[in-house]
Amino acid sequence: MRRAIERLTFLLLSFAAASVVTFFLLARLSDRAHAGTDAQPLLVNLSPRDARELTLAAVKRVARGGPGAAGASAELVRLGGAALPHVLPFLESLEPAARGRVALALAPIAGRMGVASDTDLDTPERAVVFFTRFWQDRSADFRAQAVRRKVQRLAERSLPLRRKEVVELDTFALGELLEALGRVTTPDDVRRVERLAPVLAHVTGVALGLPASPSVAAAAELVTRWHDWEFDHGPDFATLDGPGRLAAFVMQTRYFRFLASARRAVLGDAPATAARIAEVGALGRETIPRVLVALVLAMGLAVGLASTLVATPARHTAVLLAATTVASFSLSGLAVRAGALGSVAVVLMVSAGLGALLLLELDGLPPGQSRLKRVAGRAGMLLPLALAAELAAEATNQRGLGALIRRAREAADVDTLMWIALLLSATSCLGILVQDTRAAASEPPPLSTTELVPGRRGRAAVLAVGCIVGLFASLGALHSFMPPWADGLARAAGHTLVVALGATAVAAAVAIVLGVLAGGISRTADTFLSRTSELYLALPEPLVAGAALVLGGAFGPALLGALRGVEVAVALRTRLADQRAFEDFEPPSLGRSPLSPYLKRVLPTAIAPIATLLALTGAWVAAFEGAFAALGAPLAPSLGVLSGFGGVVGLAALVLLAAFVSALCWLVRDIAPRAEHLETPGAPVVLPLKRRIDSVRPGDPGRGSTPPAEP
């Protein structure tokens with residue numbers, strides 16, 4: 001029970017952290033495409049605004065006079081009654097000339113409040129006398145309790161005197177008026193809004209009103225519009241003190257506005273947001289089941305083929321060659337092409353690509369290991385890739401969530417993108433809930449040699465990789481000398497070479513460091529990798545990966561490589577834990593048990609499959625590039641981007657990318673340590689005993705060591 005609660009807690013924290021990262025990236029991407037749409041800070045506002053600071057700044061400019069005095073006077077008029085408690089008590093402390101200028105600037109406020117005539121405010125001297133007496137007589141009315149009582153009376157019944165009492169407070173009563181609007185669900189609520197809305201429009205000058213004989217829906221929509229206005233302009237009319245100022249660091253941000261709109265939608269106070277959520281949910285009920293079906297089919301395909309390979313070893317090389325070839329294609333490019341044949345074809349194509357990836361991870365698994373449990377544990381890490389492929393196909397065919405993402409991105413609708421991102425995150429989090437349970441192997445696993453010299457097939461792979469890298473580099477360098485139809489393909493080849501190699505290098509560094517440490521050396525690294533993998537799955541990668549490529553510039557491939565490194569590190573940790581469990585080695589914690597047996601007998605068994613996963617990084621990056629390009633993002637041309645286009649150029653890009661990645665896969669697989677079965681008589685008895693002796697450090701009390709002498 002305790003473990004379940006801990007896992008759920010970290011799941012929720014990962015989901016919350018992922019939502020913050022996603023909002024930041026999507027908002028920045030929207031701002032870049034539509035400059036100047038919103039100047040409010042995204043996540044943290046280090047300079048929150050309130051009525052006191054705005055008023056004092058405007059008063060200083062008015063008192064000083066000069067060119068900026070007219071704008072400052074307009075600012076005081078906009079602030080209205082909310083500015084009076086901050087300026088009138090200190091009016092007498094100003095110099096006479098400055099006092100007169102400030103009093104004249106406040107004159108339109110008194111006229112809007114209906115508390116003075118034109119003759120009372122026509123000269124600086126009369127204006128100063130009026131506001132001095134006004135504050136002496138009416139300062140008690142500018143208190144929170146008095147304002148709340150007057151607004152509540154107006155909300156209950158609209159009488160001329162009650163309306164006059166609230167109007168005389170002007171914008172000082174704005175917060176109470178907005179709160180008194182409440183929820184609109186009945187005709188009585190509509191009548192309350194009819195009483196309060198005209199006062200709000202009068203004191204703010206905002207033309208938001210109700211039609212004649214308004215309906216409940218019309219009144220609810222008006223309340224929503226007033227609350228939207230409140231989030232943008234409400235802080236200007238409130239005074240922040242103590243905890244309120246600290247809270248404003250977060251509350252006066254665009255992310256908090258999204259959270260506030262979500263809360264209003266849940267409570268039923270935001271019909272437009274609720275309709276947007278309903279649309280996302282309806283389209284998600286079409287997209288998500290297809291992805292899950294494709295993943296289940298991929299699991300069945302991988303387990304079935306792995307069982308076949310065990311039964312018929314003669315087909316091992318041919319099946320692995322086919323699986324490597326399929327996995328080397330851009331999955332989003334394959335899905336886009338299958339989309340022309342319908343949704344069923346997309347599901348089958350995605351399941352084939354995912355099944356190939358799972359089969360490569362099952363290859364070389366120690367005998368006795370439950371393949372279904374391993375596949376179930378690893379399939380969850382492939383959910384983001386499956387979502388990216390499905391969304392790319394939907395965006396190309398103008399249906400489902402993919403089409404909605406494209407429309408929202410073009411319209412800079414960050415709220416809709418965030419709701420879609422939350423749905424994708426919730427789907428990806430299913431991978432966190434799948435436990436990767438392992439059972440100890442009951443038969444001797446294959447041992448590994450440390451030979452790194454490639455054989456005949458390896459030499460062919462080296463030649464193929466060299467030729468393809470040279471081809472890509474030549475195309476990228478000489479693209480300007482090519483005909484127009486080949487120029488785009490040449491640029492894409494050069495760009496892909498740089499991105500793929502850069503992302504693979506970063507992924508290898510992250511995977512080796514985290515995977516090896518978490519595979520038995522450091523418990524802290526194991527915990528860190530577990531939390532990081534949860535955050536990895538909580539991120540809506542089809543959106544985050546593309547935003548990282550657009551916003552990251554030269555660091556975009558490195559960011560994607562870091563994400564890929566987390567996924568490969570999880571696979572490496574699992575592989576090392578499996579082998580260590582069979583070898584019956586104690587965890588080689590630093591300073592307690594020797595590292596030599598671990599490095600000699602456990603680590604080499606993971607080199608080949610992990611190297612293959614790293615070699616597939618190019619196809620992994622291309623899949624997200626193609627998906628985000630299909631969603632309408634302005635990505636630099638690459639083979640992954642072009643693979644989603646139709647015609648000869650798109651097909652050529654798809655094939656070139658697959659040739660490069662598959663050749664790289666066979667190269668790293670062939671030069672990696674190879675598995676060999678020992679034929680030594682008595683090995684089933686001798687080897688376990690030798691492993692047990694090697695796992696205990698000489699001199700320690702225990703099996704295989706000499707007991708200490710008695711004193």
# chains A, B, ... in the order shown; residues from 1 in each chain; ligands from 1
$ residues_around --residues "stretch 345-359 of chain A" --least-positions-apart "6" --cutoff "6 Å" --atoms "only C-alpha atoms" --output "compact mmCIF listing (two decimals) with C-alpha atoms, in the first residue's frame"
# COMPACT_ATOMS: atom_id res chain seq x y z
CA ALA A 294 -1.59 -0.57 -32.22
CA LEU A 295 0.53 -1.01 -29.09
CA LEU A 297 -0.84 -5.63 -31.59
CA ALA A 298 2.86 -4.71 -31.49
CA LEU A 301 3.74 -9.47 -32.75
CA ALA A 302 6.99 -9.11 -30.81
CA ALA A 323 12.96 -6.04 -37.87
CA ALA A 327 12.50 -0.04 -37.20
CA ALA A 335 1.92 6.30 -40.78
CA ALA A 338 -0.68 4.45 -44.61
CA GLY A 339 -3.25 7.16 -43.80
$ closest_residue --among "A:Gly114, A:Gly561, A:Gly519, A:Pro67" --to "A:Ala503" --atoms "only C-alpha atoms"
A:Gly561
$ atom_distance --atom1 "atom CA of A:Gly175" --atom2 "atom CA of A:Arg162"
17.2 Å
$ residues_around --residues "A:Glu390" --least-positions-apart "5" --cutoff "9 Å" --atoms "only C-alpha atoms" --output "number ranges by chain"
A: 287-288, 290-291, 332, 335-336, 346-347, 350, 385, 395, 402, 627
$ write_last_selection --atoms "N, CA and C atoms" --output "mmCIF file, in the first residue's frame"
data_model
loop_
_atom_site.group_PDB
_atom_site.id
_atom_site.type_symbol
_atom_site.label_atom_id
_atom_site.label_comp_id
_atom_site.auth_asym_id
_atom_site.auth_seq_id
_atom_site.Cartn_x
_atom_site.Cartn_y
_atom_site.Cartn_z
ATOM 1 N N THR A 287 -8.838 8.954 -31.171
ATOM 2 C CA THR A 287 -7.404 8.791 -31.418
ATOM 3 C C THR A 287 -6.755 7.819 -30.448
ATOM 4 N N ILE A 288 -6.995 7.986 -29.157
ATOM 5 C CA ILE A 288 -6.291 7.201 -28.149
ATOM 6 C C ILE A 288 -6.555 5.703 -28.297
ATOM 7 N N ARG A 290 -7.041 3.968 -30.936
ATOM 8 C CA ARG A 290 -6.251 3.456 -32.054
ATOM 9 C C ARG A 290 -4.798 3.242 -31.623
ATOM 10 N N VAL A 291 -4.252 4.180 -30.862
ATOM 11 C CA VAL A 291 -2.875 4.054 -30.408
ATOM 12 C C VAL A 291 -2.716 2.845 -29.496
ATOM 13 N N SER A 332 6.508 8.056 -38.261
ATOM 14 C CA SER A 332 5.488 9.020 -38.675
ATOM 15 C C SER A 332 5.379 9.061 -40.194
ATOM 16 N N ALA A 335 3.316 6.107 -41.159
ATOM 17 C CA ALA A 335 1.917 6.304 -40.781
ATOM 18 C C ALA A 335 1.217 7.269 -41.724
ATOM 19 N N VAL A 336 1.904 8.329 -42.143
ATOM 20 C CA VAL A 336 1.297 9.293 -43.065
ATOM 21 C C VAL A 336 0.963 8.618 -44.395
ATOM 22 N N VAL A 346 -3.283 2.615 -40.822
ATOM 23 C CA VAL A 346 -2.388 3.342 -39.923
ATOM 24 C C VAL A 346 -2.092 2.508 -38.684
ATOM 25 N N VAL A 347 -3.125 1.907 -38.104
ATOM 26 C CA VAL A 347 -2.932 1.077 -36.910
ATOM 27 C C VAL A 347 -1.994 -0.080 -37.204
ATOM 28 N N VAL A 350 1.638 1.274 -37.682
ATOM 29 C CA VAL A 350 2.240 1.655 -36.407
ATOM 30 C C VAL A 350 2.570 0.425 -35.574
ATOM 31 N N LEU A 385 5.960 7.649 -28.953
ATOM 32 C CA LEU A 385 6.267 7.446 -30.369
ATOM 33 C C LEU A 385 5.016 7.035 -31.139
ATOM 34 N N ALA A 395 -3.289 14.567 -38.779
ATOM 35 C CA ALA A 395 -3.119 15.944 -39.255
ATOM 36 C C ALA A 395 -3.057 15.991 -40.773
ATOM 37 N N GLY A 402 -5.081 15.275 -34.391
ATOM 38 C CA GLY A 402 -4.028 15.864 -35.208
ATOM 39 C C GLY A 402 -4.487 17.113 -35.924
ATOM 40 N N ALA A 627 6.294 14.165 -37.403
ATOM 41 C CA ALA A 627 4.992 14.392 -36.766
ATOM 42 C C ALA A 627 4.742 15.880 -36.547
#
$ closest_residue --among "A:Ser215, A:Thr123, A:Thr325, A:Ser19" --to "A:Thr186" --atoms "only C-alpha atoms"
A:Ser215
$ closest_residue --among "A:Thr574, A:Thr253, A:Ser47, A:Thr9" --to "A:Val516" --atoms "only C-alpha atoms"
A:Thr574
$ residues_around --residues "stretch 92-102 of chain A" --least-positions-apart "3" --cutoff "7 Å" --atoms "only C-alpha atoms" --output "number ranges by chain"
A: 59, 62-64, 105-106, 124-125, 128
$ write_last_selection --atoms "C-alpha atoms" --output "PDB file, in the first residue's frame"
ATOM      1  CA  VAL A  59       0.957  60.902  -9.188  1.00  0.00           C
ATOM      2  CA  VAL A  62       1.455  64.438 -12.816  1.00  0.00           C
ATOM      3  CA  ALA A  63       3.010  66.424  -9.965  1.00  0.00           C
ATOM      4  CA  ARG A  64       6.210  66.872 -11.935  1.00  0.00           C
ATOM      5  CA  ALA A 105      -6.230  65.100 -12.787  1.00  0.00           C
ATOM      6  CA  LEU A 106      -8.629  63.442 -10.314  1.00  0.00           C
ATOM      7  CA  PRO A 124      -6.924  73.765  -9.053  1.00  0.00           C
ATOM      8  CA  GLU A 125      -7.805  75.519  -5.811  1.00  0.00           C
ATOM      9  CA  VAL A 128      -7.989  70.648  -3.875  1.00  0.00           C
TER      10      VAL A 128
END
$ atom_distance --atom1 "atom CA of A:Met113" --atom2 "atom CA of A:Asp50"
21.4 Å
$ atom_distance --atom1 "atom CA of A:Leu514" --atom2 "atom CA of A:Leu535"
15.1 Å
$ residues_around --residues "A:Ala270" --least-positions-apart "2" --cutoff "8 Å" --atoms "only C-alpha atoms" --output "ChimeraX atom specification"
/A:220-221,224,261,264-265,267-268,272-274
$ write_last_selection --atoms "C-alpha atoms" --output "compact mmCIF listing (two decimals), in the first residue's frame"
# COMPACT_ATOMS: atom_id res chain seq x y z
CA ALA A 220 -23.12 33.03 -18.14
CA GLU A 221 -21.12 34.06 -21.19
CA THR A 224 -17.05 34.56 -18.25
CA SER A 261 -9.90 28.95 -16.69
CA ARG A 264 -14.02 27.82 -13.95
CA ALA A 265 -14.67 25.21 -16.61
CA LEU A 267 -17.31 24.57 -11.94
CA GLY A 268 -19.39 25.33 -15.02
CA ALA A 272 -16.52 28.28 -23.93
CA THR A 273 -13.70 26.49 -22.10
CA ALA A 274 -16.00 23.61 -21.23
$ closest_residue --among "A:Asp120, A:Glu194, A:Asp241, A:Asp415" --to "A:Arg157" --atoms "only C-alpha atoms"
A:Glu194
$ residues_around --residues "A:His495" --least-positions-apart "4" --cutoff "8 Å" --atoms "only C-alpha atoms" --output "short mmCIF file (atom, residue, chain, number, x, y, z; two decimals) with N, CA and C atoms, in the first residue's frame"
data_model
loop_
_atom_site.label_atom_id
_atom_site.label_comp_id
_atom_site.auth_asym_id
_atom_site.auth_seq_id
_atom_site.Cartn_x
_atom_site.Cartn_y
_atom_site.Cartn_z
N GLY A 476 24.85 17.78 -48.50
CA GLY A 476 24.67 19.00 -47.74
C GLY A 476 25.63 20.10 -48.14
N ARG A 491 19.80 19.51 -48.95
CA ARG A 491 19.85 20.25 -47.69
C ARG A 491 19.36 19.37 -46.53
N VAL A 499 21.94 16.46 -37.16
CA VAL A 499 20.99 16.26 -36.07
C VAL A 499 21.07 14.85 -35.52
N PRO A 637 14.13 21.95 -42.86
CA PRO A 637 13.94 20.75 -43.68
C PRO A 637 14.95 19.66 -43.33
N SER A 638 14.47 18.46 -43.13
CA SER A 638 15.31 17.30 -42.86
C SER A 638 14.66 16.10 -43.52
#
